[in-house]
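K.L.:
File name input-v4.cif; file contents mmCIF, C-alpha atoms; full text below.
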```cif
data_input
#
loop_
_atom_site.label_atom_id
_atom_site.label_comp_id
_atom_site.auth_asym_id
_atom_site.auth_seq_id
_atom_site.Cartn_x
_atom_site.Cartn_y
_atom_site.Cartn_z
CA MET A 26 230.25 -83.51 117.65
CA ASP A 27 228.65 -83.72 121.09
CA TYR A 28 228.72 -87.50 120.83
CA LEU A 29 232.45 -87.50 120.01
CA LEU A 30 233.22 -85.11 122.86
CA GLY A 31 231.21 -87.27 125.21
CA LEU A 32 233.01 -90.39 124.02
CA ASP A 33 236.35 -88.67 124.47
CA LEU A 34 235.45 -87.70 128.03
CA SER A 35 234.17 -91.20 128.82
CA LEU A 36 237.37 -92.82 127.57
CA TYR A 37 239.43 -90.36 129.58
CA ARG A 38 237.53 -91.11 132.77
CA ALA A 39 237.68 -94.85 132.11
CA LEU A 40 241.48 -94.71 132.13
CA ASN A 41 242.04 -91.98 134.71
CA GLN A 42 239.82 -93.74 137.25
CA PHE A 43 242.69 -96.14 137.95
CA CYS A 44 245.13 -93.36 138.78
CA GLY A 45 245.94 -93.40 142.48
CA SER A 46 244.67 -96.95 142.97
CA SER A 47 248.00 -98.69 142.41
CA PRO A 48 251.49 -97.37 143.27
CA VAL A 49 252.93 -99.59 140.54
CA LEU A 50 250.66 -98.19 137.81
CA ASP A 51 251.22 -94.66 139.06
CA ARG A 52 255.00 -95.06 138.83
CA LEU A 53 254.82 -96.71 135.42
CA ALA A 54 252.78 -93.77 134.15
CA SER A 55 254.66 -90.93 135.82
CA ASP A 56 258.08 -92.32 134.87
CA SER A 57 257.17 -93.24 131.29
CA SER A 58 258.85 -90.18 129.79
CA SER A 59 262.13 -90.88 131.58
CA VAL A 60 262.78 -94.02 129.51
CA ILE A 61 262.14 -92.42 126.12
CA GLY A 62 265.77 -91.38 125.66
CA PRO A 63 267.46 -94.74 126.33
CA PHE A 64 264.83 -96.67 124.39
CA PHE A 65 265.03 -94.31 121.41
CA MET A 66 268.83 -94.17 121.35
CA GLY A 67 269.06 -97.95 121.57
CA ILE A 68 266.90 -98.45 118.48
CA VAL A 69 268.69 -95.70 116.56
CA GLY A 70 272.05 -97.29 117.36
CA ALA A 71 270.84 -100.72 116.29
CA LEU A 72 269.50 -99.37 112.99
CA TRP A 73 272.44 -97.08 112.24
CA PHE A 74 275.16 -99.67 112.85
CA SER A 75 273.24 -102.67 111.54
CA SER A 76 275.18 -104.88 109.13
CA GLU A 77 272.13 -105.47 106.93
CA LYS A 78 271.90 -104.22 103.36
CA ASP A 79 270.74 -100.74 102.27
CA THR A 80 272.99 -98.95 104.75
CA THR A 81 272.76 -95.67 102.85
CA ARG A 82 268.97 -95.71 102.78
CA ARG A 83 268.78 -96.52 106.49
CA HIS A 84 271.09 -93.64 107.30
CA GLN A 85 269.11 -91.31 105.07
CA THR A 86 265.86 -92.21 106.81
CA LEU A 87 267.36 -91.62 110.25
CA ILE A 88 268.66 -88.23 109.13
CA ILE A 89 265.25 -87.32 107.72
CA MET A 90 263.72 -88.44 111.02
CA LEU A 91 265.29 -85.37 112.65
CA LEU A 92 263.52 -83.17 110.12
CA ALA A 93 260.25 -85.09 110.47
CA VAL A 94 260.17 -84.70 114.25
CA ALA A 95 260.99 -80.99 114.08
CA LEU A 96 258.40 -80.34 111.38
CA SER A 97 255.71 -82.36 113.15
CA LEU A 98 256.22 -80.36 116.34
CA VAL A 99 256.05 -77.07 114.43
CA LEU A 100 252.77 -78.14 112.82
CA ASN A 101 251.54 -79.31 116.21
CA ARG A 102 252.23 -75.89 117.67
CA VAL A 103 250.55 -74.13 114.74
CA LEU A 104 247.42 -76.23 115.18
CA SER A 105 247.31 -75.73 118.95
CA THR A 106 247.72 -71.98 118.46
CA PHE A 107 245.03 -71.44 115.86
CA LEU A 108 242.51 -74.04 117.01
CA PRO A 109 240.30 -73.22 120.01
CA PHE A 110 242.29 -73.53 123.22
CA ARG A 111 241.57 -76.77 125.05
CA TYR A 112 242.23 -76.97 128.76
CA ARG A 113 243.82 -80.14 130.01
CA PRO A 114 241.37 -82.54 131.62
CA MET A 115 243.02 -82.19 135.04
CA PHE A 116 242.10 -78.50 134.94
CA SER A 117 238.72 -78.70 133.21
CA VAL A 118 236.96 -81.80 134.54
CA GLY A 119 239.31 -82.88 137.32
CA ALA A 120 241.61 -85.86 137.59
CA ASN A 121 242.50 -88.61 139.98
CA ALA A 122 246.07 -88.02 141.10
CA PRO A 123 248.89 -90.47 141.80
CA GLY A 124 249.41 -91.49 145.40
CA PHE A 125 252.47 -89.26 145.67
CA GLU A 126 253.26 -85.61 144.95
CA TRP A 127 254.01 -85.23 141.29
CA HIS A 128 254.72 -82.21 139.11
CA ALA A 129 254.18 -82.14 135.35
CA ASP A 130 256.06 -79.71 133.11
CA LEU A 131 253.11 -78.69 130.94
CA GLU A 132 254.47 -75.38 129.59
CA ASN A 133 250.92 -73.95 129.78
CA TRP A 134 250.02 -75.04 126.25
CA SER A 135 246.76 -76.23 124.81
CA SER A 136 245.97 -79.89 125.35
CA PHE A 137 245.07 -80.51 121.69
CA PRO A 138 246.89 -82.08 119.95
CA SER A 139 249.38 -83.93 122.15
CA ASP A 140 252.94 -82.93 121.30
CA ASN A 141 254.33 -86.06 122.97
CA ALA A 142 252.21 -88.31 120.78
CA THR A 143 253.11 -86.22 117.74
CA TYR A 144 256.86 -86.58 117.93
CA LEU A 145 256.87 -90.14 119.28
CA PHE A 146 254.70 -91.42 116.44
CA ALA A 147 256.74 -89.41 113.92
CA ILE A 148 259.74 -91.38 115.16
CA ALA A 149 257.78 -94.63 114.97
CA GLY A 150 256.79 -93.84 111.39
CA CYS A 151 260.40 -93.27 110.35
CA PHE A 152 261.52 -96.45 112.11
CA TRP A 153 258.79 -98.35 110.26
CA LEU A 154 260.21 -97.21 106.93
CA ILE A 155 263.50 -98.86 107.89
CA SER A 156 262.20 -101.94 109.70
CA TRP A 157 258.58 -102.78 110.41
CA ARG A 158 259.70 -104.57 113.56
CA ALA A 159 261.48 -101.49 114.90
CA GLY A 160 258.55 -99.31 113.89
CA LEU A 161 256.01 -101.55 115.56
CA LEU A 162 258.12 -101.84 118.70
CA PHE A 163 258.46 -98.09 119.03
CA ALA A 164 254.78 -97.55 118.18
CA VAL A 165 253.82 -99.82 121.09
CA PHE A 166 256.18 -97.87 123.32
CA ALA A 167 254.76 -94.56 122.04
CA THR A 168 251.25 -95.81 122.82
CA TYR A 169 252.32 -96.64 126.36
CA VAL A 170 253.79 -93.17 126.91
CA SER A 171 250.80 -91.44 125.31
CA LEU A 172 248.22 -93.39 127.31
CA SER A 173 250.20 -92.60 130.44
CA ARG A 174 249.46 -88.94 129.75
CA VAL A 175 245.75 -89.74 129.63
CA TYR A 176 246.03 -91.85 132.78
CA LEU A 177 247.58 -88.89 134.63
CA GLY A 178 244.99 -86.39 133.42
CA ILE A 179 247.33 -84.45 131.13
CA HIS A 180 245.51 -85.26 127.88
CA TYR A 181 242.22 -86.50 126.53
CA PRO A 182 242.36 -89.58 124.27
CA ALA A 183 241.48 -87.40 121.26
CA ASP A 184 244.55 -85.24 121.92
CA VAL A 185 246.74 -88.33 121.73
CA LEU A 186 245.00 -89.74 118.65
CA ALA A 187 245.28 -86.45 116.76
CA GLY A 188 248.94 -86.09 117.71
CA ALA A 189 249.72 -89.65 116.61
CA MET A 190 248.01 -89.15 113.25
CA LEU A 191 249.88 -85.89 112.70
CA GLY A 192 253.24 -87.44 113.54
CA ILE A 193 252.77 -90.48 111.30
CA THR A 194 251.51 -88.34 108.42
CA VAL A 195 254.51 -86.01 108.59
CA ALA A 196 256.95 -88.93 108.88
CA PHE A 197 255.67 -90.55 105.70
CA ALA A 198 255.30 -87.26 103.82
CA VAL A 199 258.81 -86.03 104.57
CA ASN A 200 260.47 -89.31 103.59
CA SER A 201 260.41 -88.55 99.88
CA GLU A 202 263.14 -89.15 97.34
CA ILE A 203 263.60 -85.39 97.00
CA ALA A 204 264.25 -85.04 100.73
CA ARG A 205 266.64 -87.98 100.64
CA LYS A 206 268.64 -86.37 97.87
CA LEU A 207 268.56 -82.71 98.90
CA VAL A 208 268.75 -83.11 102.68
CA ALA A 209 269.92 -86.54 103.82
CA GLY A 210 272.33 -87.05 100.94
CA ARG A 211 274.15 -83.79 101.62
CA VAL A 212 274.27 -84.40 105.36
CA LEU A 213 275.79 -87.83 104.87
CA VAL A 214 278.53 -86.29 102.74
CA LEU A 215 279.59 -84.44 105.88
CA GLU A 216 279.67 -87.76 107.75
CA SER A 217 282.36 -89.07 105.41
CA ARG A 218 284.38 -85.84 105.38
CA TYR A 219 284.10 -84.67 108.99
CA ARG A 220 283.31 -87.85 110.86
CA THR A 221 284.15 -86.64 114.37
CA TYR A 222 282.22 -83.38 114.11
CA PHE A 223 279.32 -85.09 112.37
CA TYR A 224 278.76 -87.63 115.14
CA CYS A 225 279.18 -84.98 117.81
CA LEU A 226 276.37 -82.91 116.30
CA PHE A 227 274.34 -85.99 115.37
CA PHE A 228 274.27 -87.28 118.94
CA ILE A 229 273.30 -83.83 120.23
CA ALA A 230 270.47 -83.72 117.71
CA LEU A 231 269.34 -87.22 118.68
CA ALA A 232 269.31 -86.23 122.34
CA GLU A 233 267.06 -83.29 121.49
CA VAL A 234 264.78 -85.45 119.34
CA SER A 235 264.40 -88.01 122.14
CA GLY A 236 262.93 -85.27 124.33
CA GLY A 237 260.85 -83.61 121.64
CA PHE A 238 263.35 -80.73 121.42
CA GLN A 239 262.62 -79.92 125.05
CA VAL A 240 265.74 -77.81 125.63
CA THR A 241 265.28 -75.98 122.34
CA ARG A 242 261.65 -75.22 123.18
CA HIS A 243 262.52 -73.95 126.65
CA VAL A 244 265.13 -71.63 125.17
CA GLY A 245 262.64 -70.47 122.55
CA VAL A 246 259.95 -69.80 125.17
CA ALA A 247 262.45 -67.82 127.24
CA ILE A 248 263.38 -65.71 124.20
CA VAL A 249 259.71 -65.05 123.40
CA HIS A 250 259.08 -63.91 126.96
CA LEU A 251 261.85 -61.38 126.68
CA PHE A 252 259.31 -59.45 124.60
CA VAL A 253 255.99 -60.88 125.83
CA PRO A 254 255.43 -60.94 129.61
CA TYR A 255 254.39 -64.29 131.05
CA GLY A 256 251.15 -62.79 132.31
CA ASP A 257 250.06 -61.92 128.76
CA THR A 258 249.64 -65.51 127.60
CA ARG A 259 246.19 -67.02 127.14
CA HIS A 260 247.28 -70.31 128.65
CA HIS A 261 246.09 -71.79 131.88
CA SER A 262 248.63 -71.50 134.64
CA ASN A 263 248.44 -73.57 137.78
CA PRO A 264 251.56 -73.94 139.92
CA GLN A 265 249.96 -76.48 142.26
CA PRO A 266 251.43 -79.96 142.53
CA ILE A 267 249.27 -82.50 140.75
CA SER A 268 248.42 -84.24 144.00
CA SER A 269 246.53 -81.13 145.15
CA LEU A 270 244.33 -80.77 142.06
CA PRO A 271 240.59 -81.55 142.12
CA ASN A 272 239.83 -85.24 142.31
CA ALA A 273 237.66 -86.73 139.59
CA ARG A 274 236.19 -89.47 141.72
#
```
Hey, can you dump this file as structure tokens for me?
P.N.:
Amino acid sequence: MDYLLGLDLSLYRALNQFCGSSPVLDRLASDSSSVIGPFFMGIVGALWFSSEKDTTRRHQTLIIMLLAVALSLVLNRVLSTFLPFRYRPMFSVGANAPGFEWHADLENWSSFPSDNATYLFAIAGCFWLISWRAGLLFAVFATYVSLSRVYLGIHYPADVLAGAMLGITVAFAVNSEIARKLVAGRVLVLESRYRTYFYCLFFIALAEVSGGFQVTRHVGVAIVHLFVPYGDTRHHSNPQPISSLPNAR
């Protein structure tokens, strides 16, 4: 175990050491999350409206993808809650910061496993079941976003790896024939009957999926803190901008 922890730390430092050395790399890393939505929606649109065969099965898989992402994030949160709390590397061992002031919305949650990697690779897994090209393309993109989190000191490599494995596992497990029949099949019936309302809700759901249900989670956290004061959480809280955090060099 000590060897694995040491390897994890070494890999983190090997990547984070470049942070702050190049404005281009810093921007590519810090802005990686901002392109998730357009990239995701573009692939979904291409797959949904494709003229290739098996239209029904493609649509079913994309509907199930919504369930897979939601379930993977729930399992991610369960694991992070019941496993020992892991401080993010920027708070525990220090991190090189970008050459500009940068704030990360970390929601004061445990670093392990990475929720970004979880939902992005759940999406990649579902895309793979439709088209291996689309799945591979999004997996490469998900790797870029996930490694950007390591580069910036938000996650250790093991956090990302565990999140990716969780997301892929859930994506493949949820895409069963039973789920296609009981969930996706019934949802697609609504598409034919109430087309306008269906696509209105579908696009809203896709927007939430592209951000890992960010708005939903923020609303949920706010509701929880109506009953549990913010000061009662066990999470690490640090309001400092990232540029003022300890330097790992």
K.L.:
Which value, in Å to one decimal, gives the distance between atom CA of Asp51 of chain A and atom CA of Phe125 of chain A?
P.N.:
8.6 Å
K.L.:
Could you name the residues that touch Ser135 of chain A at 7 Å or less, counting all atoms listed in the file, but leaving out those on the same chain fewer than 3 positions away, as a ChimeraX atom specification?
P.N.:
/A:105,110-112
K.L.:
Using the chain letters and numbers from the file, which residues does the PyMOL selection byres ((chain A and resi 228-233) around 10) grab, as a ChimeraX atom specification?
P.N.:
/A:62-63,65-66,69,87-88,90-91,95,223-227,234-242
K.L.:
Around (271.1, -91.2, 97.8) in the file's frame, which residues reach within 12 Å when counting all atoms listed in the file? Return as number ranges by chain?
P.N.:
A: 79-86, 88, 201-214
K.L.:
For atom CA of Val170 of chain A and atom CA of Ser58 of chain A, determine how far apart the two atoms are, in Å to one decimal place.
P.N.:
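Going from atom CA of Val170 of chain A over to atom CA of Ser58 of chain A, I get 6.5 Å.
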K.L.:
Applying the PyMOL selection byres ((chain A and resi 44) around 12) to the file I just gave you, which residues come out? Please list them as an MDAnalysis selection string.
P.N.:
chainID A and resid 37:43 45:55 115 120:125 172:179 267:268 272:274
K.L.:
From the options A:Leu72, A:Ile61, A:Leu30, A:Leu36, which residue's atoms come nearest to Ser156 of chain A, counting all atoms listed in the file?
P.N.:
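Answer, going by the shortest atom-to-atom distance: A:Leu72.
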K.L.:
If I take atom CA of Ser136 of chain A and atom CA of Arg113 of chain A, how far is one from the other in Å, to one decimal?
P.N.:
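Pair atom CA of Ser136 of chain A / atom CA of Arg113 of chain A returns 5.1 Å.
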K.L.:
So that I can see what lies close to Val185 of chain A, please list as a tab-separated table (two decimals) with C-alpha atoms, keeping the file's coordinate frame the residues with an atom at most 9 Å from it, counting all atoms listed in the file and leaving out residues fewer than 3 positions away in the same chain.
P.N.:
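Everything below was put into result.tsv:
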```tsv
chain	number	residue	atom	x	y	z
A	137	PHE	CA	245.07	-80.51	121.69
A	138	PRO	CA	246.89	-82.08	119.95
A	139	SER	CA	249.38	-83.93	122.15
A	140	ASP	CA	252.94	-82.93	121.30
A	141	ASN	CA	254.33	-86.06	122.97
A	142	ALA	CA	252.21	-88.31	120.78
A	143	THR	CA	253.11	-86.22	117.74
A	168	THR	CA	251.25	-95.81	122.82
A	171	SER	CA	250.80	-91.44	125.31
A	172	LEU	CA	248.22	-93.39	127.31
A	174	ARG	CA	249.46	-88.94	129.75
A	175	VAL	CA	245.75	-89.74	129.63
A	180	HIS	CA	245.51	-85.26	127.88
A	181	TYR	CA	242.22	-86.50	126.53
A	182	PRO	CA	242.36	-89.58	124.27
A	188	GLY	CA	248.94	-86.09	117.71
A	189	ALA	CA	249.72	-89.65	116.61
A	190	MET	CA	248.01	-89.15	113.25
```
K.L.:
Select all residues near (253.7, -93.2, 108.4) (cut-off 10 Å, inclusive, file coordinates), counting only C-alpha atoms, and output them as a PyMOL selection string.
P.N.:
chain A and resi 146-154+160+189-200
